[in-house]
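Colleague: Structure file query.cif, mmCIF, C-alpha atoms, is pasted below:
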```cif
data_protein
loop_
_atom_site.group_PDB
_atom_site.id
_atom_site.type_symbol
_atom_site.label_atom_id
_atom_site.label_comp_id
_atom_site.auth_asym_id
_atom_site.auth_seq_id
_atom_site.Cartn_x
_atom_site.Cartn_y
_atom_site.Cartn_z
ATOM 1 C CA MET B 707 69.812 118.093 79.441
ATOM 2 C CA ASP B 708 70.044 114.359 78.935
ATOM 3 C CA LEU B 709 71.835 111.978 81.274
ATOM 4 C CA ALA B 710 74.878 111.394 79.047
ATOM 5 C CA SER B 711 75.815 115.078 78.797
ATOM 6 C CA ALA B 712 75.136 115.601 82.503
ATOM 7 C CA LYS B 713 77.553 112.738 83.220
ATOM 8 C CA MET B 714 80.223 114.346 81.061
ATOM 9 C CA ILE B 715 79.837 117.700 82.854
ATOM 10 C CA GLY B 716 79.855 115.995 86.252
ATOM 11 C CA ALA B 717 83.044 114.097 85.438
ATOM 12 C CA GLY B 718 84.677 117.325 84.305
ATOM 13 C CA LEU B 719 83.612 119.080 87.506
ATOM 14 C CA ALA B 720 85.034 116.195 89.587
ATOM 15 C CA CYS B 721 88.459 116.915 88.106
ATOM 16 C CA ILE B 722 88.469 120.310 89.904
ATOM 17 C CA ALA B 723 89.754 118.267 92.870
ATOM 18 C CA LEU B 724 93.115 118.272 91.098
ATOM 19 C CA VAL B 725 93.475 122.001 91.900
ATOM 20 C CA GLY B 726 93.821 121.173 95.580
ATOM 21 C CA ALA B 727 96.296 118.388 94.908
ATOM 22 C CA GLY B 728 98.359 120.723 92.731
ATOM 23 C CA VAL B 729 98.453 123.416 95.405
ATOM 24 C CA GLY B 730 99.382 120.832 98.039
ATOM 25 C CA ILE B 731 102.167 119.222 96.009
ATOM 26 C CA GLY B 732 103.569 122.633 95.071
ATOM 27 C CA SER B 733 103.534 123.736 98.697
ATOM 28 C CA ILE B 734 105.284 120.547 99.855
ATOM 29 C CA PHE B 735 108.100 120.756 97.329
ATOM 30 C CA SER B 736 108.575 124.522 97.715
ATOM 31 C CA SER B 737 109.032 123.957 101.463
ATOM 32 C CA LEU B 738 111.401 121.079 100.729
ATOM 33 C CA VAL B 739 113.541 123.181 98.389
ATOM 34 C CA SER B 740 113.712 126.136 100.774
ATOM 35 C CA SER B 741 114.535 123.822 103.720
ATOM 36 C CA ILE B 742 117.367 122.192 101.789
ATOM 37 C CA ALA B 743 118.610 125.634 100.721
ATOM 38 C CA ARG B 744 118.738 126.743 104.353
ATOM 39 C CA ASN B 745 120.285 123.564 105.684
ATOM 40 C CA PRO B 746 121.721 121.271 102.974
ATOM 41 C CA ALA B 747 122.888 118.760 105.613
ATOM 42 C CA SER B 748 119.277 117.928 106.491
ATOM 43 C CA GLN B 749 118.437 116.700 102.984
ATOM 44 C CA ALA B 750 118.652 112.981 103.757
ATOM 45 C CA GLN B 751 116.336 113.306 106.764
ATOM 46 C CA ILE B 752 113.636 115.552 105.307
ATOM 47 C CA THR B 753 113.266 114.015 101.857
ATOM 48 C CA THR B 754 111.452 110.927 103.196
ATOM 49 C CA PRO B 755 108.673 112.862 105.002
ATOM 50 C CA ALA B 756 108.387 115.146 101.978
ATOM 51 C CA LEU B 757 107.850 112.208 99.625
ATOM 52 C CA LEU B 758 105.323 110.770 102.055
ATOM 53 C CA GLY B 759 103.503 114.110 102.138
ATOM 54 C CA PHE B 760 103.626 114.261 98.350
ATOM 55 C CA ALA B 761 101.982 110.842 98.072
ATOM 56 C CA LEU B 762 99.284 111.751 100.601
ATOM 57 C CA ALA B 763 98.532 115.057 98.847
ATOM 58 C CA GLU B 764 98.478 113.440 95.439
ATOM 59 C CA ALA B 765 96.048 110.784 96.645
ATOM 60 C CA THR B 766 93.399 113.409 97.472
ATOM 61 C CA GLY B 767 93.505 114.635 93.884
ATOM 62 C CA LEU B 768 93.222 111.067 92.627
ATOM 63 C CA PHE B 769 90.083 110.550 94.717
ATOM 64 C CA GLY B 770 88.523 113.212 92.469
ATOM 65 C CA LEU B 771 89.673 111.226 89.446
ATOM 66 C CA VAL B 772 88.107 108.056 90.864
ATOM 67 C CA VAL B 773 84.831 109.960 91.353
ATOM 68 C CA ALA B 774 85.031 111.075 87.725
ATOM 69 C CA PHE B 775 85.500 107.466 86.587
ATOM 70 C CA ILE B 776 82.601 106.297 88.762
ATOM 71 C CA ILE B 777 80.368 108.983 87.218
ATOM 72 C CA LEU B 778 81.433 108.081 83.671
ATOM 73 C CA PHE B 779 81.461 104.277 83.894
ATOM 74 C CA GLY B 780 79.636 103.450 87.140
ATOM 75 C CA MET K 551 94.919 101.126 61.667
ATOM 76 C CA ALA K 552 94.470 104.759 62.708
ATOM 77 C CA GLU K 553 90.697 104.500 62.232
ATOM 78 C CA GLU K 554 90.468 101.719 64.789
ATOM 79 C CA HIS K 555 89.317 103.332 67.994
ATOM 80 C CA VAL K 556 90.733 101.762 71.148
ATOM 81 C CA SER K 557 89.530 103.022 74.491
ATOM 82 C CA PRO K 558 92.316 104.170 76.850
ATOM 83 C CA LEU K 559 90.812 101.858 79.463
ATOM 84 C CA HIS K 560 91.015 98.830 77.168
ATOM 85 C CA GLN K 561 94.412 97.893 78.637
ATOM 86 C CA PHE K 562 92.831 97.153 82.032
ATOM 87 C CA VAL K 563 90.416 94.497 80.747
ATOM 88 C CA ILE K 564 90.814 91.176 82.573
ATOM 89 C CA LYS K 565 90.692 88.235 80.154
ATOM 90 C CA PRO K 566 90.439 84.620 81.287
ATOM 91 C CA ILE K 567 93.282 82.450 79.974
ATOM 92 C CA VAL K 568 92.247 79.117 81.517
ATOM 93 C CA PRO K 569 88.464 79.260 82.118
ATOM 94 C CA LEU K 570 87.435 77.499 85.309
ATOM 95 C CA HIS K 571 83.956 77.651 86.836
ATOM 96 C CA VAL K 572 83.122 76.061 90.168
ATOM 97 C CA GLY K 573 79.375 76.356 90.802
ATOM 98 C CA HIS K 574 78.606 80.092 90.522
ATOM 99 C CA LEU K 575 82.216 81.048 91.211
ATOM 100 C CA ASP K 576 84.450 82.206 88.361
ATOM 101 C CA LEU K 577 87.899 80.881 89.288
ATOM 102 C CA SER K 578 89.440 81.382 85.846
ATOM 103 C CA TYR K 579 93.184 81.846 85.559
ATOM 104 C CA THR K 580 93.290 85.386 84.115
ATOM 105 C CA ASN K 581 95.964 87.636 82.644
ATOM 106 C CA SER K 582 96.019 89.421 86.023
ATOM 107 C CA ALA K 583 96.813 86.139 87.790
ATOM 108 C CA LEU K 584 99.390 85.321 85.097
ATOM 109 C CA PHE K 585 101.310 88.542 85.757
ATOM 110 C CA MET K 586 101.090 88.012 89.528
ATOM 111 C CA THR K 587 102.656 84.580 88.992
ATOM 112 C CA VAL K 588 105.339 86.127 86.761
ATOM 113 C CA THR K 589 106.054 88.723 89.472
ATOM 114 C CA VAL K 590 106.380 86.136 92.236
ATOM 115 C CA VAL K 591 108.630 83.931 90.071
ATOM 116 C CA LEU K 592 110.838 86.897 89.104
ATOM 117 C CA VAL K 593 111.170 88.145 92.699
ATOM 118 C CA THR K 594 112.024 84.634 93.923
ATOM 119 C CA LEU K 595 114.556 84.088 91.125
ATOM 120 C CA PHE K 596 116.119 87.510 91.724
ATOM 121 C CA ILE K 597 116.582 86.968 95.460
ATOM 122 C CA VAL K 598 117.527 83.263 95.339
ATOM 123 C CA LEU K 599 119.931 83.435 92.386
ATOM 124 C CA SER K 600 121.664 86.631 93.484
ATOM 125 C CA THR K 601 122.305 85.330 96.998
ATOM 126 C CA SER K 602 122.956 81.651 96.175
ATOM 127 C CA GLY K 603 126.728 82.017 95.745
ATOM 128 C CA ALA K 604 126.948 84.660 98.466
ATOM 129 C CA GLY K 605 130.517 85.610 99.263
ATOM 130 C CA LEU K 606 132.263 88.136 101.480
ATOM 131 C CA VAL K 607 133.054 90.204 98.405
ATOM 132 C CA PRO K 608 129.616 90.593 96.755
ATOM 133 C CA THR K 609 129.070 90.229 93.043
ATOM 134 C CA ARG K 610 127.012 92.841 91.194
ATOM 135 C CA TRP K 611 123.784 90.847 91.545
ATOM 136 C CA GLN K 612 124.440 90.161 95.223
ATOM 137 C CA SER K 613 124.982 93.863 95.973
ATOM 138 C CA THR K 614 121.711 94.690 94.212
ATOM 139 C CA ALA K 615 119.822 92.199 96.362
ATOM 140 C CA GLU K 616 121.595 93.475 99.493
ATOM 141 C CA LEU K 617 120.768 97.053 98.518
ATOM 142 C CA VAL K 618 117.039 96.285 98.378
ATOM 143 C CA TYR K 619 117.226 94.220 101.576
ATOM 144 C CA GLU K 620 118.990 97.007 103.485
ATOM 145 C CA PHE K 621 116.611 99.626 102.126
ATOM 146 C CA VAL K 622 113.579 97.756 103.508
ATOM 147 C CA ALA K 623 115.403 96.771 106.711
ATOM 148 C CA ASN K 624 116.237 100.433 107.404
ATOM 149 C CA MET K 625 112.654 101.416 106.645
ATOM 150 C CA VAL K 626 111.339 98.870 109.176
ATOM 151 C CA ARG K 627 113.945 99.842 111.807
ATOM 152 C CA ASP K 628 113.312 103.593 111.477
ATOM 153 C CA ASN K 629 109.522 103.449 111.308
ATOM 154 C CA VAL K 630 108.470 100.458 113.424
ATOM 155 C CA GLY K 631 111.373 100.132 115.853
ATOM 156 C CA SER K 632 113.248 97.068 117.065
ATOM 157 C CA GLN K 633 110.012 95.223 117.848
ATOM 158 C CA GLY K 634 109.094 95.302 114.172
ATOM 159 C CA ARG K 635 111.914 92.889 113.370
ATOM 160 C CA LYS K 636 109.661 89.830 113.218
ATOM 161 C CA TYR K 637 107.340 91.497 110.690
ATOM 162 C CA PHE K 638 110.249 92.183 108.325
ATOM 163 C CA PRO K 639 109.632 89.160 106.022
ATOM 164 C CA PHE K 640 106.072 90.286 105.359
ATOM 165 C CA ILE K 641 107.057 93.922 104.738
ATOM 166 C CA PHE K 642 109.860 92.815 102.402
ATOM 167 C CA SER K 643 107.569 90.497 100.412
ATOM 168 C CA LEU K 644 104.955 93.240 100.159
ATOM 169 C CA PHE K 645 107.487 95.772 98.889
ATOM 170 C CA MET K 646 109.004 93.416 96.302
ATOM 171 C CA PHE K 647 105.579 92.255 95.071
ATOM 172 C CA ILE K 648 104.275 95.797 94.498
ATOM 173 C CA LEU K 649 107.596 97.100 93.133
ATOM 174 C CA PHE K 650 107.984 94.300 90.584
ATOM 175 C CA GLY K 651 104.280 94.442 89.716
ATOM 176 C CA ASN K 652 104.511 98.179 88.997
ATOM 177 C CA LEU K 653 107.748 97.861 87.025
ATOM 178 C CA ILE K 654 106.575 94.879 84.947
ATOM 179 C CA GLY K 655 103.513 96.974 84.111
ATOM 180 C CA MET K 656 105.821 99.539 82.484
ATOM 181 C CA VAL K 657 106.901 96.997 79.857
ATOM 182 C CA PRO K 658 104.756 97.511 76.724
ATOM 183 C CA TYR K 659 101.901 94.999 76.151
ATOM 184 C CA THR K 660 101.995 93.726 79.723
ATOM 185 C CA PHE K 661 99.247 93.933 82.296
ATOM 186 C CA THR K 662 99.553 96.012 85.485
ATOM 187 C CA PHE K 663 97.738 94.088 88.204
ATOM 188 C CA THR K 664 98.288 96.926 90.727
ATOM 189 C CA SER K 665 95.987 99.102 88.591
ATOM 190 C CA HIS K 666 93.010 97.055 89.800
ATOM 191 C CA ILE K 667 91.406 98.136 93.045
ATOM 192 C CA VAL K 668 90.423 94.552 93.836
ATOM 193 C CA VAL K 669 94.115 93.608 94.109
ATOM 194 C CA THR K 670 95.253 96.645 96.100
ATOM 195 C CA PHE K 671 92.181 96.625 98.345
ATOM 196 C CA ALA K 672 92.601 92.929 99.147
ATOM 197 C CA MET K 673 96.182 93.610 100.269
ATOM 198 C CA ALA K 674 95.165 96.759 102.172
ATOM 199 C CA LEU K 675 92.326 94.932 103.935
ATOM 200 C CA PHE K 676 94.675 92.116 104.934
ATOM 201 C CA ILE K 677 97.129 94.687 106.360
ATOM 202 C CA PHE K 678 94.339 96.525 108.195
ATOM 203 C CA VAL K 679 92.935 93.358 109.791
ATOM 204 C CA ALA K 680 96.385 92.039 110.692
ATOM 205 C CA VAL K 681 97.500 95.348 112.213
ATOM 206 C CA THR K 682 94.318 95.668 114.271
ATOM 207 C CA ALA K 683 94.683 92.059 115.438
ATOM 208 C CA ILE K 684 98.306 92.700 116.465
ATOM 209 C CA ALA K 685 97.260 95.829 118.367
ATOM 210 C CA ILE K 686 94.448 94.043 120.234
ATOM 211 C CA ALA K 687 96.645 91.026 120.982
ATOM 212 C CA ARG K 688 99.350 93.287 122.431
ATOM 213 C CA HIS K 689 97.271 95.805 124.354
ATOM 214 C CA GLY K 690 93.941 94.111 124.918
ATOM 215 C CA PHE K 691 91.141 96.485 125.843
ATOM 216 C CA HIS K 692 93.705 99.269 126.297
ATOM 217 C CA PHE K 693 93.874 99.433 122.480
ATOM 218 C CA PHE K 694 90.747 101.612 122.413
ATOM 219 C CA SER K 695 92.643 104.411 124.183
ATOM 220 C CA TYR K 696 94.200 104.903 120.738
ATOM 221 C CA PHE K 697 91.059 106.803 119.722
ATOM 222 C CA ALA K 698 91.274 109.214 122.708
ATOM 223 C CA PRO K 699 94.550 111.181 122.632
ATOM 224 C CA LYS K 700 95.986 112.059 126.043
ATOM 225 C CA GLY K 701 95.800 115.582 127.502
ATOM 226 C CA VAL K 702 92.728 116.632 125.546
ATOM 227 C CA PRO K 703 89.806 118.343 127.376
ATOM 228 C CA TRP K 704 86.736 116.062 127.501
ATOM 229 C CA VAL K 705 84.620 118.531 125.503
ATOM 230 C CA MET K 706 87.049 118.186 122.625
ATOM 231 C CA LEU K 707 86.968 114.394 122.982
ATOM 232 C CA LEU K 708 83.309 114.396 121.874
ATOM 233 C CA LEU K 709 84.494 115.763 118.546
ATOM 234 C CA LEU K 710 87.896 114.086 118.390
ATOM 235 C CA VAL K 711 86.948 110.468 119.074
ATOM 236 C CA PRO K 712 84.598 110.120 116.068
ATOM 237 C CA ILE K 713 87.207 111.777 113.828
ATOM 238 C CA GLU K 714 89.906 109.390 115.074
ATOM 239 C CA ILE K 715 87.666 106.360 114.573
ATOM 240 C CA VAL K 716 86.725 107.411 111.028
ATOM 241 C CA SER K 717 90.318 108.176 110.112
ATOM 242 C CA TYR K 718 91.321 104.754 111.439
ATOM 243 C CA LEU K 719 88.596 102.907 109.531
ATOM 244 C CA ILE K 720 89.271 104.754 106.261
ATOM 245 C CA ARG K 721 92.931 103.647 106.218
ATOM 246 C CA PRO K 722 92.499 100.531 104.033
ATOM 247 C CA CYS K 723 90.461 102.567 101.507
ATOM 248 C CA THR K 724 93.057 105.336 101.170
ATOM 249 C CA LEU K 725 95.904 102.820 101.050
ATOM 250 C CA ALA K 726 94.196 100.879 98.248
ATOM 251 C CA ILE K 727 92.917 103.855 96.242
ATOM 252 C CA ARG K 728 96.290 105.639 96.320
ATOM 253 C CA LEU K 729 98.139 102.791 94.604
ATOM 254 C CA PHE K 730 95.336 101.807 92.224
ATOM 255 C CA ALA K 731 94.491 105.384 91.137
ATOM 256 C CA ASN K 732 98.141 106.303 90.603
ATOM 257 C CA MET K 733 98.812 103.305 88.396
ATOM 258 C CA MET K 734 95.543 103.572 86.478
ATOM 259 C CA ALA K 735 95.792 107.347 85.934
ATOM 260 C CA GLY K 736 99.401 107.034 84.770
ATOM 261 C CA HIS K 737 98.778 104.250 82.277
ATOM 262 C CA THR K 738 95.597 105.906 80.956
ATOM 263 C CA MET K 739 97.509 109.169 80.433
ATOM 264 C CA LEU K 740 100.283 107.361 78.520
ATOM 265 C CA ILE K 741 97.738 105.792 76.140
ATOM 266 C CA ILE K 742 95.862 109.084 75.605
ATOM 267 C CA PHE K 743 99.047 110.948 74.716
ATOM 268 C CA ALA K 744 100.172 108.069 72.482
ATOM 269 C CA GLY K 745 96.849 108.538 70.662
ATOM 270 C CA PHE K 746 97.679 112.247 70.092
ATOM 271 C CA VAL K 747 100.973 111.257 68.434
ATOM 272 C CA THR K 748 99.255 109.382 65.602
ATOM 273 C CA ALA K 749 96.364 111.842 65.346
ATOM 274 C CA LEU K 750 98.436 115.023 64.916
ATOM 275 C CA GLY K 751 100.682 113.891 62.028
ATOM 276 C CA ILE K 752 103.951 115.843 61.897
ATOM 277 C CA LEU K 753 103.012 117.873 64.966
ATOM 278 C CA GLY K 754 102.809 114.557 66.801
ATOM 279 C CA VAL K 755 106.464 115.014 67.731
ATOM 280 C CA LEU K 756 105.377 117.325 70.565
ATOM 281 C CA PRO K 757 103.184 114.785 72.427
ATOM 282 C CA LEU K 758 105.851 112.156 71.672
ATOM 283 C CA VAL K 759 108.475 114.215 73.534
ATOM 284 C CA PHE K 760 106.004 114.831 76.335
ATOM 285 C CA ASN K 761 105.244 111.103 76.501
ATOM 286 C CA MET K 762 108.937 110.239 76.811
ATOM 287 C CA GLY K 763 109.212 112.525 79.832
ATOM 288 C CA PHE K 764 106.001 111.089 81.183
ATOM 289 C CA ILE K 765 107.337 107.519 80.959
ATOM 290 C CA LEU K 766 110.279 108.593 83.130
ATOM 291 C CA LEU K 767 107.806 110.067 85.614
ATOM 292 C CA GLU K 768 105.829 106.813 85.544
ATOM 293 C CA PHE K 769 108.946 104.835 86.496
ATOM 294 C CA LEU K 770 109.442 107.247 89.403
ATOM 295 C CA VAL K 771 105.786 106.830 90.413
ATOM 296 C CA ALA K 772 106.055 103.022 90.164
ATOM 297 C CA VAL K 773 108.945 102.958 92.644
ATOM 298 C CA LEU K 774 107.557 105.748 94.820
ATOM 299 C CA GLN K 775 104.112 104.170 95.195
ATOM 300 C CA ALA K 776 105.623 100.811 96.182
ATOM 301 C CA TYR K 777 107.707 102.715 98.747
ATOM 302 C CA VAL K 778 104.729 104.720 100.050
ATOM 303 C CA TYR K 779 102.509 101.635 100.332
ATOM 304 C CA THR K 780 105.209 99.854 102.331
ATOM 305 C CA ILE K 781 106.136 102.807 104.559
ATOM 306 C CA LEU K 782 102.474 103.426 105.424
ATOM 307 C CA THR K 783 102.194 99.753 106.391
ATOM 308 C CA CYS K 784 105.224 100.306 108.650
ATOM 309 C CA ILE K 785 103.619 103.390 110.206
ATOM 310 C CA TYR K 786 100.354 101.518 110.872
ATOM 311 C CA LEU K 787 102.375 98.711 112.439
ATOM 312 C CA HIS K 788 104.202 101.259 114.611
ATOM 313 C CA ASP K 789 100.854 102.653 115.800
ATOM 314 C CA ALA K 790 99.672 99.131 116.607
ATOM 315 C CA ILE K 791 102.794 98.291 118.615
ATOM 316 C CA HIS K 792 103.310 101.598 120.432
ATOM 317 C CA LEU K 793 99.776 103.162 120.423
ATOM 318 C CA HIS K 794 100.758 106.735 119.391
#
```
Is it possible to give me this structure as structure tokens?

Modeller:
Amino acid sequence: MDLASAKMIGAGLACIALVGAGVGIGSIFSSLVSSIARNPASQAQITTPALLGFALAEATGLFGLVVAFIILFG
Amino acid sequence: MAEEHVSPLHQFVIKPIVPLHVGHLDLSYTNSALFMTVTVVLVTLFIVLSTSGAGLVPTRWQSTAELVYEFVANMVRDNVGSQGRKYFPFIFSLFMFILFGNLIGMVPYTFTFTSHIVVTFAMALFIFVAVTAIAIARHGFHFFSYFAPKGVPWVMLLLLVPIEIVSYLIRPCTLAIRLFANMMAGHTMLIIFAGFVTALGILGVLPLVFNMGFILLEFLVAVLQAYVYTILTCIYLHDAIHLH
């Protein structure tokens, strides 16, 4: 296998990191929806930590994307 | 026109507008610097003009400016505490700079300077150094107790202290990569799906509809990432002032 095709495969494999980010984001928002359903009055207070958690979870997936870019263009 | 292949990453190329070389340094005024200037001018105009004729009954522009001001002021009060009051001007400038930078990037044919890690990392490094300096100035040598949480058995400390130190040192990297990767991934995705529209002919309506939804999501991400960047700065500042 030559280097170019190995790079392509490696970049594709690096995108598997997005699975974890997807699971994390889904878990955060499912908890948010069920919390608001149980106690609608708490919505204003819990949305901020949920968005913060969403951004932190999403960032881990994007690290995988950055690795993919480094493999492809680095 | 359709044959012309344009890389999705072509939009991030930095082009010098006014070339300027001092010795080995390249100090050219680039399109990135141009859009930073545009952002600063727009933010200044927005705040100065909307509050210049400030009255008791606010006009529409004045309420908009007050809305943003109160939003950031509440964020600082809730996350840093009353002692964070004197850092409010910096936090507000940071928020407006990133917010306007992200939103200007959503205008077609403009340049998103927040999609470059050199910009976001420079800001993140400045925040990291400033926050650490504030913490050391306030607490002196006691600052290092930050890495050893109270009430933990000493056997666990052997494991916990290195983890705390690494997670502290990695903060500027995560702060920078989060903003840069979000903006770059979003804009790359928009271009790739725009390419599908022309390539698929009549079926191109499907990616077009998807792209319209995705642009809405990108606006949400632009605001959300400015918010997250700022609120994490507030949280780091809170840690520096209160040490846990």

Colleague: Where does the PyMOL selection byres ((chain K) within 8 of (chain B)) land in this file, that is, which residues does it pick, as number ranges by chain?

Modeller: K: 724, 727-728, 731-732, 775, 778

Colleague: One number please: atom CA of Ala720 of chain B to atom CA of Phe779 of chain B, in Å, one decimal.

Modeller: 13.7 Å

Colleague: Could you pull the residues within 8 Å of Ala615 of chain K, counting all atoms listed in the file, minus those fewer than 6 positions along the same chain, as JSON, numbers by chain?

Modeller: {"K": [596, 597, 600, 601]}

Colleague: Care to translate the PyMOL selection byres ((chain B and resi 730-738) around 8) into actual residues of this file, as a PDB file with C-alpha atoms, in the frame of the given file?

Modeller:
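For reference, part37.pdb as written:
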```
ATOM      1  CA  GLY B 726      93.821 121.173  95.580  1.00  0.00           C
ATOM      2  CA  ALA B 727      96.296 118.388  94.908  1.00  0.00           C
ATOM      3  CA  GLY B 728      98.359 120.723  92.731  1.00  0.00           C
ATOM      4  CA  VAL B 729      98.453 123.416  95.405  1.00  0.00           C
ATOM      5  CA  VAL B 739     113.541 123.181  98.389  1.00  0.00           C
ATOM      6  CA  SER B 740     113.712 126.136 100.774  1.00  0.00           C
ATOM      7  CA  SER B 741     114.535 123.822 103.720  1.00  0.00           C
ATOM      8  CA  ILE B 742     117.367 122.192 101.789  1.00  0.00           C
ATOM      9  CA  ILE B 752     113.636 115.552 105.307  1.00  0.00           C
ATOM     10  CA  THR B 753     113.266 114.015 101.857  1.00  0.00           C
ATOM     11  CA  ALA B 756     108.387 115.146 101.978  1.00  0.00           C
ATOM     12  CA  GLY B 759     103.503 114.110 102.138  1.00  0.00           C
ATOM     13  CA  PHE B 760     103.626 114.261  98.350  1.00  0.00           C
ATOM     14  CA  ALA B 763      98.532 115.057  98.847  1.00  0.00           C
ATOM     15  CA  GLU B 764      98.478 113.440  95.439  1.00  0.00           C
TER      16      GLU B 764
END
```

Colleague: What gap, in Å, lies between atom CA of Leu787 of chain K and atom CA of Ile667 of chain K?

Modeller: 22.3 Å

Colleague: Contacts of segment 758-774 of chain K at 8 Å or less, counting only C-alpha atoms, minus same-chain residues fewer than 4 places along, as JSON, numbers by chain?

Modeller: {"K": [649, 652, 653, 656, 732, 733, 736, 740, 743, 744, 747, 754, 778]}

Colleague: Name the closest residue to Ala687 of chain K among the candidates K:Cys784, K:Ile654, K:Leu584, K:Ile791; distances are taken between atoms, counting only C-alpha atoms.

Modeller: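 Among K:Cys784, K:Ile654, K:Leu584, K:Ile791, it is K:Ile791 that comes nearest to Ala687 of chain K.
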
Colleague: Which residues, named as in the file, does the PyMOL selection byres ((chain B and resi 716) around 12) pick out? Answer as a ChimeraX atom specification.

Modeller: /B:709-715,717-722,770-771,773-778

Colleague: Which residue gives the smallest distance to Val588 of chain K among K:Thr662, K:Thr614, K:Asn629, K:Thr609, with all atoms listed in the file counted?

Modeller: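 Residue with the minimum atom-to-atom distance to Val588 of chain K: K:Thr662.
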
Colleague: Could you state the separation of atom CA of Phe730 of chain K and atom CA of Ser665 of chain K in Å, given to one decimal place?

Modeller: 4.6 Å

Colleague: Enclose all atoms of segment 739-753 of chain K listed in the file in an axis-aligned box, grow every side by 6 Å, and hand back centre and edge lengths in Å to one decimal, as lines of an AutoDock Vina configuration file.

Modeller:
```
center_x = 99.9
center_y = 111.8
center_z = 71.2
size_x = 20.1
size_y = 24.1
size_z = 30.5
```

Colleague: Determine, counting only C-alpha atoms, which protein, DNA and RNA residues have an atom within 12 Å of an atom of Glu616 of chain K; residues of the same chain fewer than 3 positions away are not included. Present the result as a PyMOL selection string.

Modeller: chain K and resi 596-598+600-601+604-605+607-613+619-624

Colleague: With only C-alpha atoms as the counted atoms, please give the residues lying no more than 10 Å from Arg627 of chain K, apart from itself and same-chain residues fewer than 6 positions off, as a count of residues only.

Modeller: 5

Colleague: Taking the partial coordinates given, rebuild segment 632-648 of chain K to contain N, CA and C atoms; return it as a PDB file, in the coordinates of the input.

Modeller:
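part.pdb, written as the output of this step:
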```
ATOM      1  N   SER K 632     112.616  98.384 116.990  1.00  0.00           N
ATOM      2  CA  SER K 632     113.248  97.068 117.065  1.00  0.00           C
ATOM      3  C   SER K 632     112.220  95.951 117.174  1.00  0.00           C
ATOM      4  N   GLN K 633     111.025  96.277 117.709  1.00  0.00           N
ATOM      5  CA  GLN K 633     110.012  95.223 117.848  1.00  0.00           C
ATOM      6  C   GLN K 633     109.387  94.825 116.515  1.00  0.00           C
ATOM      7  N   GLY K 634     109.655  95.622 115.479  1.00  0.00           N
ATOM      8  CA  GLY K 634     109.094  95.302 114.172  1.00  0.00           C
ATOM      9  C   GLY K 634     109.906  94.284 113.409  1.00  0.00           C
ATOM     10  N   ARG K 635     110.995  93.794 114.032  1.00  0.00           N
ATOM     11  CA  ARG K 635     111.914  92.889 113.370  1.00  0.00           C
ATOM     12  C   ARG K 635     111.205  91.647 112.836  1.00  0.00           C
ATOM     13  N   LYS K 636     110.276  91.097 113.632  1.00  0.00           N
ATOM     14  CA  LYS K 636     109.661  89.830 113.218  1.00  0.00           C
ATOM     15  C   LYS K 636     108.644  90.022 112.095  1.00  0.00           C
ATOM     16  N   TYR K 637     108.256  91.276 111.814  1.00  0.00           N
ATOM     17  CA  TYR K 637     107.340  91.497 110.690  1.00  0.00           C
ATOM     18  C   TYR K 637     108.096  91.818 109.414  1.00  0.00           C
ATOM     19  N   PHE K 638     109.454  91.810 109.497  1.00  0.00           N
ATOM     20  CA  PHE K 638     110.249  92.183 108.325  1.00  0.00           C
ATOM     21  C   PHE K 638     109.977  91.314 107.102  1.00  0.00           C
ATOM     22  N   PRO K 639     109.888  89.967 107.228  1.00  0.00           N
ATOM     23  CA  PRO K 639     109.632  89.160 106.022  1.00  0.00           C
ATOM     24  C   PRO K 639     108.374  89.571 105.279  1.00  0.00           C
ATOM     25  N   PHE K 640     107.312  89.875 106.022  1.00  0.00           N
ATOM     26  CA  PHE K 640     106.072  90.286 105.359  1.00  0.00           C
ATOM     27  C   PHE K 640     106.252  91.616 104.638  1.00  0.00           C
ATOM     28  N   ILE K 641     106.874  92.600 105.333  1.00  0.00           N
ATOM     29  CA  ILE K 641     107.057  93.922 104.738  1.00  0.00           C
ATOM     30  C   ILE K 641     107.914  93.813 103.472  1.00  0.00           C
ATOM     31  N   PHE K 642     108.968  92.971 103.545  1.00  0.00           N
ATOM     32  CA  PHE K 642     109.860  92.815 102.402  1.00  0.00           C
ATOM     33  C   PHE K 642     109.124  92.188 101.222  1.00  0.00           C
ATOM     34  N   SER K 643     108.335  91.134 101.493  1.00  0.00           N
ATOM     35  CA  SER K 643     107.569  90.497 100.412  1.00  0.00           C
ATOM     36  C   SER K 643     106.602  91.487  99.784  1.00  0.00           C
ATOM     37  N   LEU K 644     105.922  92.259 100.646  1.00  0.00           N
ATOM     38  CA  LEU K 644     104.955  93.240 100.159  1.00  0.00           C
ATOM     39  C   LEU K 644     105.624  94.237  99.232  1.00  0.00           C
ATOM     40  N   PHE K 645     106.780  94.768  99.679  1.00  0.00           N
ATOM     41  CA  PHE K 645     107.487  95.772  98.889  1.00  0.00           C
ATOM     42  C   PHE K 645     107.913  95.199  97.544  1.00  0.00           C
ATOM     43  N   MET K 646     108.508  93.998  97.554  1.00  0.00           N
ATOM     44  CA  MET K 646     109.004  93.416  96.302  1.00  0.00           C
ATOM     45  C   MET K 646     107.846  93.100  95.359  1.00  0.00           C
ATOM     46  N   PHE K 647     106.730  92.615  95.909  1.00  0.00           N
ATOM     47  CA  PHE K 647     105.579  92.255  95.071  1.00  0.00           C
ATOM     48  C   PHE K 647     105.040  93.495  94.361  1.00  0.00           C
ATOM     49  N   ILE K 648     104.835  94.586  95.106  1.00  0.00           N
ATOM     50  CA  ILE K 648     104.275  95.797  94.498  1.00  0.00           C
ATOM     51  C   ILE K 648     105.284  96.426  93.553  1.00  0.00           C
TER      52      ILE K 648
END
```
